[in-house]
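Novice: data05.pdb is reproduced in full below (PDB, C-alpha atoms and all ligand atoms).
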```
ATOM      1  CA  MET D   1       0.000   0.000   0.000  1.00  0.00           C
ATOM      2  CA  LYS D   2       1.147   3.524  -0.749  1.00  0.00           C
ATOM      3  CA  VAL D   3       0.293   5.793   2.153  1.00  0.00           C
ATOM      4  CA  VAL D   4       0.789   9.508   2.779  1.00  0.00           C
ATOM      5  CA  LEU D   5       0.640  10.784   6.354  1.00  0.00           C
ATOM      6  CA  LEU D   6      -0.751  14.264   6.792  1.00  0.00           C
ATOM      7  CA  GLY D   7      -0.830  16.248   9.997  1.00  0.00           C
ATOM      8  CA  ALA D   8       0.509  19.358  11.673  1.00  0.00           C
ATOM      9  CA  PRO D   9       3.970  19.357  13.227  1.00  0.00           C
ATOM     10  CA  GLY D  10       3.643  17.567  16.548  1.00  0.00           C
ATOM     11  CA  SER D  11       0.522  15.683  15.515  1.00  0.00           C
ATOM     12  CA  GLY D  12       2.302  12.388  16.140  1.00  0.00           C
ATOM     13  CA  LYS D  13       3.062  11.465  12.546  1.00  0.00           C
ATOM     14  CA  GLY D  14       6.486  10.049  13.380  1.00  0.00           C
ATOM     15  CA  THR D  15       5.140   7.889  16.194  1.00  0.00           C
ATOM     16  CA  GLN D  16       2.310   6.453  14.119  1.00  0.00           C
ATOM     17  CA  ALA D  17       4.565   6.054  11.111  1.00  0.00           C
ATOM     18  CA  GLY D  18       6.868   3.605  12.875  1.00  0.00           C
ATOM     19  CA  PHE D  19       3.953   1.441  13.773  1.00  0.00           C
ATOM     20  CA  ILE D  20       2.238   1.533  10.359  1.00  0.00           C
ATOM     21  CA  SER D  21       5.416   0.819   8.434  1.00  0.00           C
ATOM     22  CA  GLU D  22       6.043  -2.263  10.558  1.00  0.00           C
ATOM     23  CA  LYS D  23       2.475  -3.506  10.147  1.00  0.00           C
ATOM     24  CA  LEU D  24       2.432  -3.070   6.379  1.00  0.00           C
ATOM     25  CA  ASN D  25       6.080  -3.857   5.780  1.00  0.00           C
ATOM     26  CA  ILE D  26       6.637  -0.632   3.877  1.00  0.00           C
ATOM     27  CA  PRO D  27       9.476   1.835   4.456  1.00  0.00           C
ATOM     28  CA  HIS D  28       8.873   4.908   6.598  1.00  0.00           C
ATOM     29  CA  ILE D  29      10.225   7.781   4.560  1.00  0.00           C
ATOM     30  CA  SER D  30      10.446  11.072   6.423  1.00  0.00           C
ATOM     31  CA  THR D  31      11.735  14.064   4.490  1.00  0.00           C
ATOM     32  CA  GLY D  32      12.456  15.844   7.784  1.00  0.00           C
ATOM     33  CA  ASP D  33      14.656  12.916   8.916  1.00  0.00           C
ATOM     34  CA  ILE D  34      16.449  12.839   5.565  1.00  0.00           C
ATOM     35  CA  PHE D  35      17.163  16.577   5.727  1.00  0.00           C
ATOM     36  CA  ARG D  36      18.314  16.355   9.351  1.00  0.00           C
ATOM     37  CA  GLU D  37      20.603  13.439   8.532  1.00  0.00           C
ATOM     38  CA  ASN D  38      22.155  15.535   5.757  1.00  0.00           C
ATOM     39  CA  MET D  39      22.577  18.492   8.097  1.00  0.00           C
ATOM     40  CA  LYS D  40      24.302  16.315  10.665  1.00  0.00           C
ATOM     41  CA  LYS D  41      26.716  15.005   8.047  1.00  0.00           C
ATOM     42  CA  LYS D  42      27.159  18.494   6.593  1.00  0.00           C
ATOM     43  CA  THR D  43      26.480  17.285   3.028  1.00  0.00           C
ATOM     44  CA  PRO D  44      25.928  19.926   0.306  1.00  0.00           C
ATOM     45  CA  LEU D  45      22.183  19.270   0.581  1.00  0.00           C
ATOM     46  CA  GLY D  46      22.334  19.639   4.364  1.00  0.00           C
ATOM     47  CA  LEU D  47      24.198  22.937   4.185  1.00  0.00           C
ATOM     48  CA  LYS D  48      21.760  24.246   1.601  1.00  0.00           C
ATOM     49  CA  VAL D  49      18.636  23.636   3.697  1.00  0.00           C
ATOM     50  CA  LYS D  50      19.974  24.373   7.178  1.00  0.00           C
ATOM     51  CA  SER D  51      18.844  27.980   7.587  1.00  0.00           C
ATOM     52  CA  LEU D  52      15.412  27.271   6.071  1.00  0.00           C
ATOM     53  CA  MET D  53      14.841  24.320   8.373  1.00  0.00           C
ATOM     54  CA  ASP D  54      16.126  26.011  11.495  1.00  0.00           C
ATOM     55  CA  SER D  55      13.727  28.901  10.929  1.00  0.00           C
ATOM     56  CA  GLY D  56      10.748  26.594  10.365  1.00  0.00           C
ATOM     57  CA  ASN D  57      10.341  27.279   6.656  1.00  0.00           C
ATOM     58  CA  LEU D  58      10.025  24.748   3.856  1.00  0.00           C
ATOM     59  CA  CYS D  59      12.965  23.544   1.811  1.00  0.00           C
ATOM     60  CA  PRO D  60      12.790  24.193  -1.953  1.00  0.00           C
ATOM     61  CA  ASP D  61      10.187  22.103  -3.814  1.00  0.00           C
ATOM     62  CA  ASP D  62      12.369  20.988  -6.735  1.00  0.00           C
ATOM     63  CA  LEU D  63      15.016  19.689  -4.396  1.00  0.00           C
ATOM     64  CA  THR D  64      12.508  17.903  -2.140  1.00  0.00           C
ATOM     65  CA  VAL D  65      10.615  16.345  -5.050  1.00  0.00           C
ATOM     66  CA  GLU D  66      13.824  15.015  -6.626  1.00  0.00           C
ATOM     67  CA  LEU D  67      14.862  13.548  -3.299  1.00  0.00           C
ATOM     68  CA  ILE D  68      11.602  11.613  -2.959  1.00  0.00           C
ATOM     69  CA  LYS D  69      11.514  10.565  -6.591  1.00  0.00           C
ATOM     70  CA  GLU D  70      14.932   9.020  -6.191  1.00  0.00           C
ATOM     71  CA  ARG D  71      14.069   7.417  -2.851  1.00  0.00           C
ATOM     72  CA  LEU D  72      10.924   5.738  -4.198  1.00  0.00           C
ATOM     73  CA  ASN D  73      13.025   3.913  -6.795  1.00  0.00           C
ATOM     74  CA  HIS D  74      14.782   1.874  -4.109  1.00  0.00           C
ATOM     75  CA  ASP D  75      13.994  -1.843  -3.863  1.00  0.00           C
ATOM     76  CA  ASP D  76      12.387  -1.556  -0.444  1.00  0.00           C
ATOM     77  CA  CYS D  77       9.491   0.401  -1.986  1.00  0.00           C
ATOM     78  CA  LYS D  78       8.202  -2.542  -3.992  1.00  0.00           C
ATOM     79  CA  ASN D  79       5.346  -3.103  -1.470  1.00  0.00           C
ATOM     80  CA  GLY D  80       4.583   0.591  -1.309  1.00  0.00           C
ATOM     81  CA  TYR D  81       5.650   3.453   0.928  1.00  0.00           C
ATOM     82  CA  LEU D  82       4.730   5.478   3.950  1.00  0.00           C
ATOM     83  CA  LEU D  83       5.502   9.119   3.347  1.00  0.00           C
ATOM     84  CA  ASP D  84       5.834  11.334   6.410  1.00  0.00           C
ATOM     85  CA  GLY D  85       6.309  15.051   5.753  1.00  0.00           C
ATOM     86  CA  PHE D  86       5.846  14.810   1.998  1.00  0.00           C
ATOM     87  CA  PRO D  87       3.950  16.200   0.151  1.00  0.00           C
ATOM     88  CA  ARG D  88       3.777  19.421   2.121  1.00  0.00           C
ATOM     89  CA  ASN D  89       2.087  21.692  -0.403  1.00  0.00           C
ATOM     90  CA  LEU D  90      -0.048  21.396  -3.543  1.00  0.00           C
ATOM     91  CA  HIS D  91       2.892  21.619  -5.884  1.00  0.00           C
ATOM     92  CA  GLN D  92       4.552  18.608  -4.229  1.00  0.00           C
ATOM     93  CA  ALA D  93       1.255  16.670  -4.177  1.00  0.00           C
ATOM     94  CA  LYS D  94       0.759  17.185  -7.897  1.00  0.00           C
ATOM     95  CA  ALA D  95       4.341  16.167  -8.563  1.00  0.00           C
ATOM     96  CA  LEU D  96       3.846  12.948  -6.569  1.00  0.00           C
ATOM     97  CA  ASP D  97       0.656  12.197  -8.521  1.00  0.00           C
ATOM     98  CA  GLY D  98       2.797  12.439 -11.632  1.00  0.00           C
ATOM     99  CA  PHE D  99       5.196   9.647 -10.679  1.00  0.00           C
ATOM    100  CA  CYS D 100       3.794   7.504  -7.854  1.00  0.00           C
ATOM    101  CA  PRO D 101       0.369   8.525  -6.469  1.00  0.00           C
ATOM    102  CA  PRO D 102      -0.703   7.299  -3.010  1.00  0.00           C
ATOM    103  CA  ASP D 103      -3.566   4.837  -2.432  1.00  0.00           C
ATOM    104  CA  LYS D 104      -4.557   6.369   0.880  1.00  0.00           C
ATOM    105  CA  VAL D 105      -3.899   9.563   2.776  1.00  0.00           C
ATOM    106  CA  LEU D 106      -4.141   9.442   6.534  1.00  0.00           C
ATOM    107  CA  ASN D 107      -4.836  12.763   8.188  1.00  0.00           C
ATOM    108  CA  LEU D 108      -3.918  12.943  11.886  1.00  0.00           C
ATOM    109  CA  ASP D 109      -6.094  15.616  13.361  1.00  0.00           C
ATOM    110  CA  VAL D 110      -4.868  17.309  16.567  1.00  0.00           C
ATOM    111  CA  ASP D 111      -6.030  20.515  18.318  1.00  0.00           C
ATOM    112  CA  PHE D 112      -3.641  23.398  17.921  1.00  0.00           C
ATOM    113  CA  GLU D 113      -3.290  24.131  21.674  1.00  0.00           C
ATOM    114  CA  ARG D 114      -2.104  20.587  22.265  1.00  0.00           C
ATOM    115  CA  ILE D 115       0.481  20.826  19.531  1.00  0.00           C
ATOM    116  CA  GLU D 116       2.602  23.571  21.051  1.00  0.00           C
ATOM    117  CA  ARG D 117       2.863  21.636  24.320  1.00  0.00           C
ATOM    118  CA  ARG D 118       3.790  18.465  22.519  1.00  0.00           C
ATOM    119  CA  ILE D 119       6.487  20.035  20.412  1.00  0.00           C
ATOM    120  CA  THR D 120       8.269  22.053  23.048  1.00  0.00           C
ATOM    121  CA  GLY D 121       8.467  18.952  25.279  1.00  0.00           C
ATOM    122  CA  ARG D 122       9.837  16.802  22.476  1.00  0.00           C
ATOM    123  CA  ARG D 123      13.279  15.205  22.774  1.00  0.00           C
ATOM    124  CA  SER D 124      15.097  13.174  20.130  1.00  0.00           C
ATOM    125  CA  CYS D 125      17.805  10.543  20.476  1.00  0.00           C
ATOM    126  CA  TYR D 126      21.194  11.085  18.802  1.00  0.00           C
ATOM    127  CA  GLU D 127      21.812   7.358  18.603  1.00  0.00           C
ATOM    128  CA  CYS D 128      18.608   5.667  17.436  1.00  0.00           C
ATOM    129  CA  GLY D 129      16.510   8.602  16.219  1.00  0.00           C
ATOM    130  CA  GLY D 130      13.655   7.830  18.643  1.00  0.00           C
ATOM    131  CA  THR D 131      11.441  10.722  19.789  1.00  0.00           C
ATOM    132  CA  TYR D 132       9.871  11.151  23.229  1.00  0.00           C
ATOM    133  CA  HIS D 133       8.002  13.668  25.342  1.00  0.00           C
ATOM    134  CA  VAL D 134       9.662  14.775  28.585  1.00  0.00           C
ATOM    135  CA  ASP D 135       6.429  14.087  30.488  1.00  0.00           C
ATOM    136  CA  PHE D 136       6.611  10.398  29.652  1.00  0.00           C
ATOM    137  CA  ILE D 137      10.233   9.488  30.290  1.00  0.00           C
ATOM    138  CA  THR D 138      12.118   9.220  33.575  1.00  0.00           C
ATOM    139  CA  ASP D 139      15.352  10.938  32.501  1.00  0.00           C
ATOM    140  CA  PRO D 140      14.909  13.916  30.121  1.00  0.00           C
ATOM    141  CA  ASN D 141      18.486  13.488  28.832  1.00  0.00           C
ATOM    142  CA  LYS D 142      18.640   9.763  28.272  1.00  0.00           C
ATOM    143  CA  CYS D 143      16.948   7.599  25.624  1.00  0.00           C
ATOM    144  CA  PRO D 144      14.705   4.992  27.310  1.00  0.00           C
ATOM    145  CA  LEU D 145      15.286   2.649  24.381  1.00  0.00           C
ATOM    146  CA  CYS D 146      19.026   2.686  23.761  1.00  0.00           C
ATOM    147  CA  GLY D 147      20.500   4.882  26.512  1.00  0.00           C
ATOM    148  CA  GLY D 148      21.710   7.441  23.951  1.00  0.00           C
ATOM    149  CA  GLU D 149      21.834  11.150  24.658  1.00  0.00           C
ATOM    150  CA  LEU D 150      18.626  13.102  23.987  1.00  0.00           C
ATOM    151  CA  PHE D 151      18.499  16.555  22.414  1.00  0.00           C
ATOM    152  CA  THR D 152      15.919  19.199  21.533  1.00  0.00           C
ATOM    153  CA  ARG D 153      15.554  19.883  17.823  1.00  0.00           C
ATOM    154  CA  LYS D 154      16.621  23.381  16.872  1.00  0.00           C
ATOM    155  CA  ASP D 155      13.246  23.991  15.228  1.00  0.00           C
ATOM    156  CA  ASP D 156      11.317  22.857  18.321  1.00  0.00           C
ATOM    157  CA  THR D 157      11.517  26.222  20.125  1.00  0.00           C
ATOM    158  CA  SER D 158       8.250  28.104  20.637  1.00  0.00           C
ATOM    159  CA  GLU D 159       9.127  30.899  18.192  1.00  0.00           C
ATOM    160  CA  THR D 160       9.906  28.476  15.365  1.00  0.00           C
ATOM    161  CA  VAL D 161       6.894  26.357  16.221  1.00  0.00           C
ATOM    162  CA  LYS D 162       4.701  29.385  15.451  1.00  0.00           C
ATOM    163  CA  THR D 163       6.260  29.693  12.005  1.00  0.00           C
ATOM    164  CA  ARG D 164       5.891  25.970  11.356  1.00  0.00           C
ATOM    165  CA  LEU D 165       2.228  25.979  12.328  1.00  0.00           C
ATOM    166  CA  LYS D 166       1.596  28.946  10.051  1.00  0.00           C
ATOM    167  CA  VAL D 167       3.397  27.238   7.186  1.00  0.00           C
ATOM    168  CA  TYR D 168       1.295  24.153   7.876  1.00  0.00           C
ATOM    169  CA  GLN D 169      -1.979  26.088   7.817  1.00  0.00           C
ATOM    170  CA  THR D 170      -1.248  28.032   4.662  1.00  0.00           C
ATOM    171  CA  GLN D 171       0.606  25.421   2.610  1.00  0.00           C
ATOM    172  CA  THR D 172      -0.139  21.914   3.866  1.00  0.00           C
ATOM    173  CA  GLU D 173      -3.728  22.071   5.087  1.00  0.00           C
ATOM    174  CA  PRO D 174      -5.092  22.596   1.543  1.00  0.00           C
ATOM    175  CA  LEU D 175      -3.953  19.033   0.816  1.00  0.00           C
ATOM    176  CA  ILE D 176      -6.827  17.776   2.967  1.00  0.00           C
ATOM    177  CA  GLY D 177      -9.272  19.095   0.358  1.00  0.00           C
ATOM    178  CA  TYR D 178      -7.097  17.944  -2.517  1.00  0.00           C
ATOM    179  CA  TYR D 179      -7.012  14.304  -1.390  1.00  0.00           C
ATOM    180  CA  SER D 180     -10.572  14.345  -0.150  1.00  0.00           C
ATOM    181  CA  GLU D 181     -11.692  15.184  -3.694  1.00  0.00           C
ATOM    182  CA  GLN D 182      -9.720  12.162  -4.884  1.00  0.00           C
ATOM    183  CA  ASN D 183     -11.569  10.026  -2.287  1.00  0.00           C
ATOM    184  CA  LYS D 184      -8.290   8.982  -0.697  1.00  0.00           C
ATOM    185  CA  LEU D 185      -8.532  10.816   2.596  1.00  0.00           C
ATOM    186  CA  VAL D 186      -9.144   9.144   5.954  1.00  0.00           C
ATOM    187  CA  THR D 187      -9.053  11.257   9.101  1.00  0.00           C
ATOM    188  CA  VAL D 188      -8.130   9.996  12.558  1.00  0.00           C
ATOM    189  CA  ASP D 189      -8.437  11.917  15.818  1.00  0.00           C
ATOM    190  CA  GLY D 190      -4.862  12.329  17.040  1.00  0.00           C
ATOM    191  CA  ASN D 191      -5.717  13.907  20.397  1.00  0.00           C
ATOM    192  CA  ALA D 192      -6.089  10.578  22.199  1.00  0.00           C
ATOM    193  CA  GLU D 193      -3.421   8.368  23.784  1.00  0.00           C
ATOM    194  CA  ILE D 194      -0.923   6.722  21.443  1.00  0.00           C
ATOM    195  CA  SER D 195      -2.440   3.238  21.738  1.00  0.00           C
ATOM    196  CA  ASP D 196      -5.950   4.545  21.003  1.00  0.00           C
ATOM    197  CA  VAL D 197      -4.701   6.480  18.007  1.00  0.00           C
ATOM    198  CA  GLU D 198      -2.962   3.308  16.795  1.00  0.00           C
ATOM    199  CA  ARG D 199      -6.191   1.357  16.979  1.00  0.00           C
ATOM    200  CA  ASN D 200      -8.081   4.022  15.040  1.00  0.00           C
ATOM    201  CA  VAL D 201      -5.318   4.198  12.450  1.00  0.00           C
ATOM    202  CA  LEU D 202      -5.561   0.450  11.838  1.00  0.00           C
ATOM    203  CA  GLU D 203      -9.274   0.698  11.396  1.00  0.00           C
ATOM    204  CA  ALA D 204      -9.052   3.737   9.101  1.00  0.00           C
ATOM    205  CA  LEU D 205      -6.519   2.021   6.860  1.00  0.00           C
ATOM    206  CA  GLY D 206      -8.417  -1.265   6.950  1.00  0.00           C
ATOM    207  CA  ILE D 207      -5.411  -3.278   8.114  1.00  0.00           C
TER     208      ILE D 207
HETATM  209  P1  LIG Y 301       7.431  18.362  11.678  1.00  0.00           P
HETATM  210  O1  LIG Y 301       6.428  17.538  10.948  1.00  0.00           O
HETATM  211  O2  LIG Y 301       7.494  18.039  13.116  1.00  0.00           O
HETATM  212  O3  LIG Y 301       7.348  19.827  11.398  1.00  0.00           O
HETATM  213  P2  LIG Y 301       9.533  17.362   9.929  1.00  0.00           P
HETATM  214  O4  LIG Y 301      10.631  16.579  10.490  1.00  0.00           O
HETATM  215  O5  LIG Y 301       8.547  16.669   9.064  1.00  0.00           O
HETATM  216  O6  LIG Y 301       8.877  18.015  11.193  1.00  0.00           O
HETATM  217  O7  LIG Y 301      10.109  18.598   9.079  1.00  0.00           O
HETATM  218  C1  LIG Y 301      11.047  19.486   9.602  1.00  0.00           C
HETATM  219  C2  LIG Y 301      11.453  20.527   8.550  1.00  0.00           C
HETATM  220  O8  LIG Y 301      12.017  19.873   7.389  1.00  0.00           O
HETATM  221  C3  LIG Y 301      10.339  21.382   7.969  1.00  0.00           C
HETATM  222  O9  LIG Y 301      10.022  22.452   8.807  1.00  0.00           O
HETATM  223  C4  LIG Y 301      10.964  21.814   6.634  1.00  0.00           C
HETATM  224  O10 LIG Y 301      11.918  22.828   6.817  1.00  0.00           O
HETATM  225  C5  LIG Y 301      11.721  20.575   6.197  1.00  0.00           C
HETATM  226  N1  LIG Y 301      10.864  19.708   5.344  1.00  0.00           N
HETATM  227  C6  LIG Y 301      10.425  18.462   5.662  1.00  0.00           C
HETATM  228  N2  LIG Y 301       9.656  17.957   4.677  1.00  0.00           N
HETATM  229  C7  LIG Y 301       9.604  18.895   3.704  1.00  0.00           C
HETATM  230  C8  LIG Y 301       8.963  18.990   2.432  1.00  0.00           C
HETATM  231  N3  LIG Y 301       8.199  17.988   1.954  1.00  0.00           N
HETATM  232  N4  LIG Y 301       9.122  20.115   1.709  1.00  0.00           N
HETATM  233  C9  LIG Y 301       9.875  21.122   2.156  1.00  0.00           C
HETATM  234  N5  LIG Y 301      10.495  21.118   3.350  1.00  0.00           N
HETATM  235  C10 LIG Y 301      10.365  20.031   4.120  1.00  0.00           C
HETATM  236 ZN    ZN Y 302      17.952   6.005  21.409  1.00  0.00          ZN
END
```
Take the structure in this file and express it as C-alpha cells.
Ligand code: ADP
Ligand code: ZN
Specialist:
Amino acid sequence: MKVVLLGAPGSGKGTQAGFISEKLNIPHISTGDIFRENMKKKTPLGLKVKSLMDSGNLCPDDLTVELIKERLNHDDCKNGYLLDGFPRNLHQAKALDGFCPPDKVLNLDVDFERIERRITGRRSCYECGGTYHVDFITDPNKCPLCGGELFTRKDDTSETVKTRLKVYQTQTEPLIGYYSEQNKLVTVDGNAEISDVERNVLEALGI
C-alpha cells in the first residue's frame, strides 16, 4: 500500500509512522529525517537547507521532489511506501501524482493548543533517532530505548513552532481538500493516547 501521512507538526506522525510501516512492511520515509541526517553530516544538501529548516520554513520544492523521486526507486518500496512530511504543499502533491500517487492519505487531526505543548516537550535521540516527550520518560536526557543522549531539535523552540504551524496552515492544510476530492482521505483523531490512536489508524486504513 502507498500511504501519505498528513498532519501538523507535533501531531504524532512520526510515532504512528513507525507502527504503520512495521504492520504493512513498507518503508517509513520522512523528508524531515532525511534533511536532518544531511545536516548532521554536513552534506551539500544539508548545508543548503539548514537555515530554512532552522527557521521553520520549507525547503525548496524541486530539491525535495527530486529527493523523494529518487528514494521511491529503491527496492524496499516494492510493497509501497509510507511518506511522512511529503507532500507538504499542492505543488509537491501534484508532482507525486505524476510519478507515484498514493492509495490512501491518513490525516492525523490534533487541536492546535495541544500541539505547542507536545512540540516544546519533544526530545530526540542522537543514537537511534527515537522521539519522546519529557512528560513520559524518567530521565529527560537519556533515551529509554538505547541509553543514547537526547536533544531538543533546533526547530522545536516556541518561536519556530509558530512559524511551522503557520506554514502548515497556509501550505499543507489545503492538501486535505485535494485528497478528499480524490476520495483517498481518511481522518483519525490524534488527540487521544498513542495506543488509542494506533487502533483508530488500523481501522481507518483497513489493516
Ligand atoms: P514536523 O512535521 O514536526 O514539522 P519534519 O521533520 O517533518 O517536522 O520537518 C522538519 C522541517 O524539514 C520542515 O520544517 C521543513 O523545513 C523541512 N521539510 C520536511 N519535509 C519537507 C517537504 N516535503 N518540503 C519542504 N520542506 C520540508
Ligand atoms: Zn535512542
Novice: Name the residues, by chain letter and number, that sit within 10 Å of ligand ZN 302 (chain Y) using all atoms listed in the file, and give them as a short mmCIF file (atom, residue, chain, number, x, y, z; two decimals) with C-alpha atoms, keeping the file's coordinate frame.
Specialist:
```cif
data_model
loop_
_atom_site.label_atom_id
_atom_site.label_comp_id
_atom_site.auth_asym_id
_atom_site.auth_seq_id
_atom_site.Cartn_x
_atom_site.Cartn_y
_atom_site.Cartn_z
CA SER D 124 15.10 13.17 20.13
CA CYS D 125 17.80 10.54 20.48
CA TYR D 126 21.19 11.08 18.80
CA GLU D 127 21.81 7.36 18.60
CA CYS D 128 18.61 5.67 17.44
CA GLY D 129 16.51 8.60 16.22
CA GLY D 130 13.66 7.83 18.64
CA THR D 131 11.44 10.72 19.79
CA TYR D 132 9.87 11.15 23.23
CA LYS D 142 18.64 9.76 28.27
CA CYS D 143 16.95 7.60 25.62
CA PRO D 144 14.70 4.99 27.31
CA LEU D 145 15.29 2.65 24.38
CA CYS D 146 19.03 2.69 23.76
CA GLY D 147 20.50 4.88 26.51
CA GLY D 148 21.71 7.44 23.95
CA GLU D 149 21.83 11.15 24.66
CA LEU D 150 18.63 13.10 23.99
#
```
Novice: With all atoms listed in the file as the basis for distance, which of D:Ser11, D:Thr43, D:Thr64, D:Asn89 is at the shortest distance from D:Leu175?
Specialist: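 Under the stated criterion, the closest residue is D:Asn89.
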Novice: Could you please extract the residues within 8 Å of ligand LIG 301 (chain Y), counting only C-alpha atoms and all ligand atoms, and hand them back as a PyMOL selection string?
Specialist: chain D and resi 7-11+13-14+30-33+35-36+49+52-61+64-65+84-89+92+119+155+164
Novice: For this file, the PyMOL selection byres (((chain D and resi 110) around 12) and not hetatm) selects which residues, as a ChimeraX atom specification?
Specialist: /D:6-13,107-109,111-118,165,187-193,197
Novice: Running the PyMOL selection byres (((chain D and resi 67-69) around 9) and not hetatm) on this model by hand, what would come out? Give it as JSON, numbers by chain.
Specialist: {"D": [29, 31, 62, 63, 64, 65, 66, 70, 71, 72, 73, 86, 96, 99, 100]}
Novice: Could you tell me how far atom CA of D:Arg199 lies from atom CA of D:Tyr179, in Å and to one decimal?
Specialist: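 Those two atoms sit 22.5 Å apart.
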Novice: Just the number, please: distance in Å from atom CA of D:Lys40 to atom CA of D:Ala95, one decimal.
Specialist: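 Straight-line distance from atom CA of D:Lys40 to atom CA of D:Ala95 works out to 27.7 Å.
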Novice: Could you tell me how far atom CA of D:Pro101 lies from atom CA of D:Asn183, in Å and to one decimal?
Specialist: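 Pair atom CA of D:Pro101 / atom CA of D:Asn183 returns 12.7 Å.
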Novice: Taking only C-alpha atoms into account, name the residue in D:Ser21, D:Asn200, D:Thr120, D:Ser51 that is nearest to D:Arg153.
Specialist: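 Of all the options, D:Thr120 lies closest to D:Arg153.
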Novice: Counting all atoms listed in the file, figure out which residue out of D:Leu185, D:Leu45, D:Val4, D:Met39 gets nearest to D:Pro27.
Specialist: D:Val4
Novice: Padding of 5 Å on every side, edges along x, y and z, all listed atoms of stretch 20-28 of chain D included: what centre and edge lengths in Å, to one decimal, does that box have, as JSON?
Specialist:
```
{"center_x": 5.9, "center_y": 0.5, "center_z": 7.2, "size_x": 17.2, "size_y": 18.8, "size_z": 16.7}
```
Novice: Using the partial input, fill out stretch 137-143 of chain D with all heavy atoms; write the result as an mmCIF file, in the coordinates of the input.
Specialist:
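Done, and the output landed in part-v3.cif:
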```
data_model
loop_
_atom_site.group_PDB
_atom_site.id
_atom_site.type_symbol
_atom_site.label_atom_id
_atom_site.label_comp_id
_atom_site.auth_asym_id
_atom_site.auth_seq_id
_atom_site.Cartn_x
_atom_site.Cartn_y
_atom_site.Cartn_z
ATOM 1 N N ILE D 137 9.001 10.246 30.080
ATOM 2 C CA ILE D 137 10.233 9.488 30.290
ATOM 3 C C ILE D 137 10.827 9.860 31.655
ATOM 4 O O ILE D 137 10.576 10.955 32.153
ATOM 5 C CB ILE D 137 11.289 9.725 29.160
ATOM 6 C CG1 ILE D 137 11.532 11.215 28.919
ATOM 7 C CG2 ILE D 137 10.856 9.045 27.870
ATOM 8 C CD1 ILE D 137 12.565 11.513 27.847
ATOM 9 N N THR D 138 11.599 8.954 32.237
ATOM 10 C CA THR D 138 12.118 9.220 33.575
ATOM 11 C C THR D 138 13.294 10.196 33.560
ATOM 12 O O THR D 138 13.382 11.074 34.396
ATOM 13 C CB THR D 138 12.554 7.905 34.273
ATOM 14 O OG1 THR D 138 13.191 7.081 33.300
ATOM 15 C CG2 THR D 138 11.370 7.178 34.864
ATOM 16 N N ASP D 139 14.201 10.039 32.586
ATOM 17 C CA ASP D 139 15.352 10.938 32.501
ATOM 18 C C ASP D 139 15.263 11.750 31.200
ATOM 19 O O ASP D 139 15.305 11.182 30.102
ATOM 20 C CB ASP D 139 16.638 10.091 32.514
ATOM 21 C CG ASP D 139 17.896 10.951 32.521
ATOM 22 O OD1 ASP D 139 17.810 12.139 32.160
ATOM 23 O OD2 ASP D 139 18.959 10.418 32.893
ATOM 24 N N PRO D 140 15.108 13.088 31.319
ATOM 25 C CA PRO D 140 14.909 13.916 30.121
ATOM 26 C C PRO D 140 16.123 13.972 29.195
ATOM 27 O O PRO D 140 16.038 14.507 28.095
ATOM 28 C CB PRO D 140 14.608 15.307 30.686
ATOM 29 C CG PRO D 140 15.188 15.302 32.053
ATOM 30 C CD PRO D 140 15.107 13.885 32.551
ATOM 31 N N ASN D 141 17.274 13.425 29.650
ATOM 32 C CA ASN D 141 18.486 13.488 28.832
ATOM 33 C C ASN D 141 18.904 12.147 28.246
ATOM 34 O O ASN D 141 19.862 12.071 27.494
ATOM 35 C CB ASN D 141 19.650 14.044 29.659
ATOM 36 C CG ASN D 141 19.340 15.440 30.168
ATOM 37 O OD1 ASN D 141 18.958 16.312 29.387
ATOM 38 N ND2 ASN D 141 19.461 15.639 31.473
ATOM 39 N N LYS D 142 18.191 11.090 28.655
ATOM 40 C CA LYS D 142 18.640 9.763 28.272
ATOM 41 C C LYS D 142 17.553 8.980 27.547
ATOM 42 O O LYS D 142 16.411 8.928 28.003
ATOM 43 C CB LYS D 142 19.063 9.026 29.559
ATOM 44 C CG LYS D 142 19.920 7.815 29.293
ATOM 45 C CD LYS D 142 20.514 7.328 30.607
ATOM 46 C CE LYS D 142 20.766 5.839 30.538
ATOM 47 N NZ LYS D 142 21.045 5.258 31.838
ATOM 48 N N CYS D 143 17.919 8.360 26.419
ATOM 49 C CA CYS D 143 16.948 7.599 25.624
ATOM 50 C C CYS D 143 16.510 6.336 26.369
ATOM 51 O O CYS D 143 17.349 5.521 26.738
ATOM 52 C CB CYS D 143 17.572 7.215 24.284
ATOM 53 S SG CYS D 143 16.514 6.158 23.284
#
```
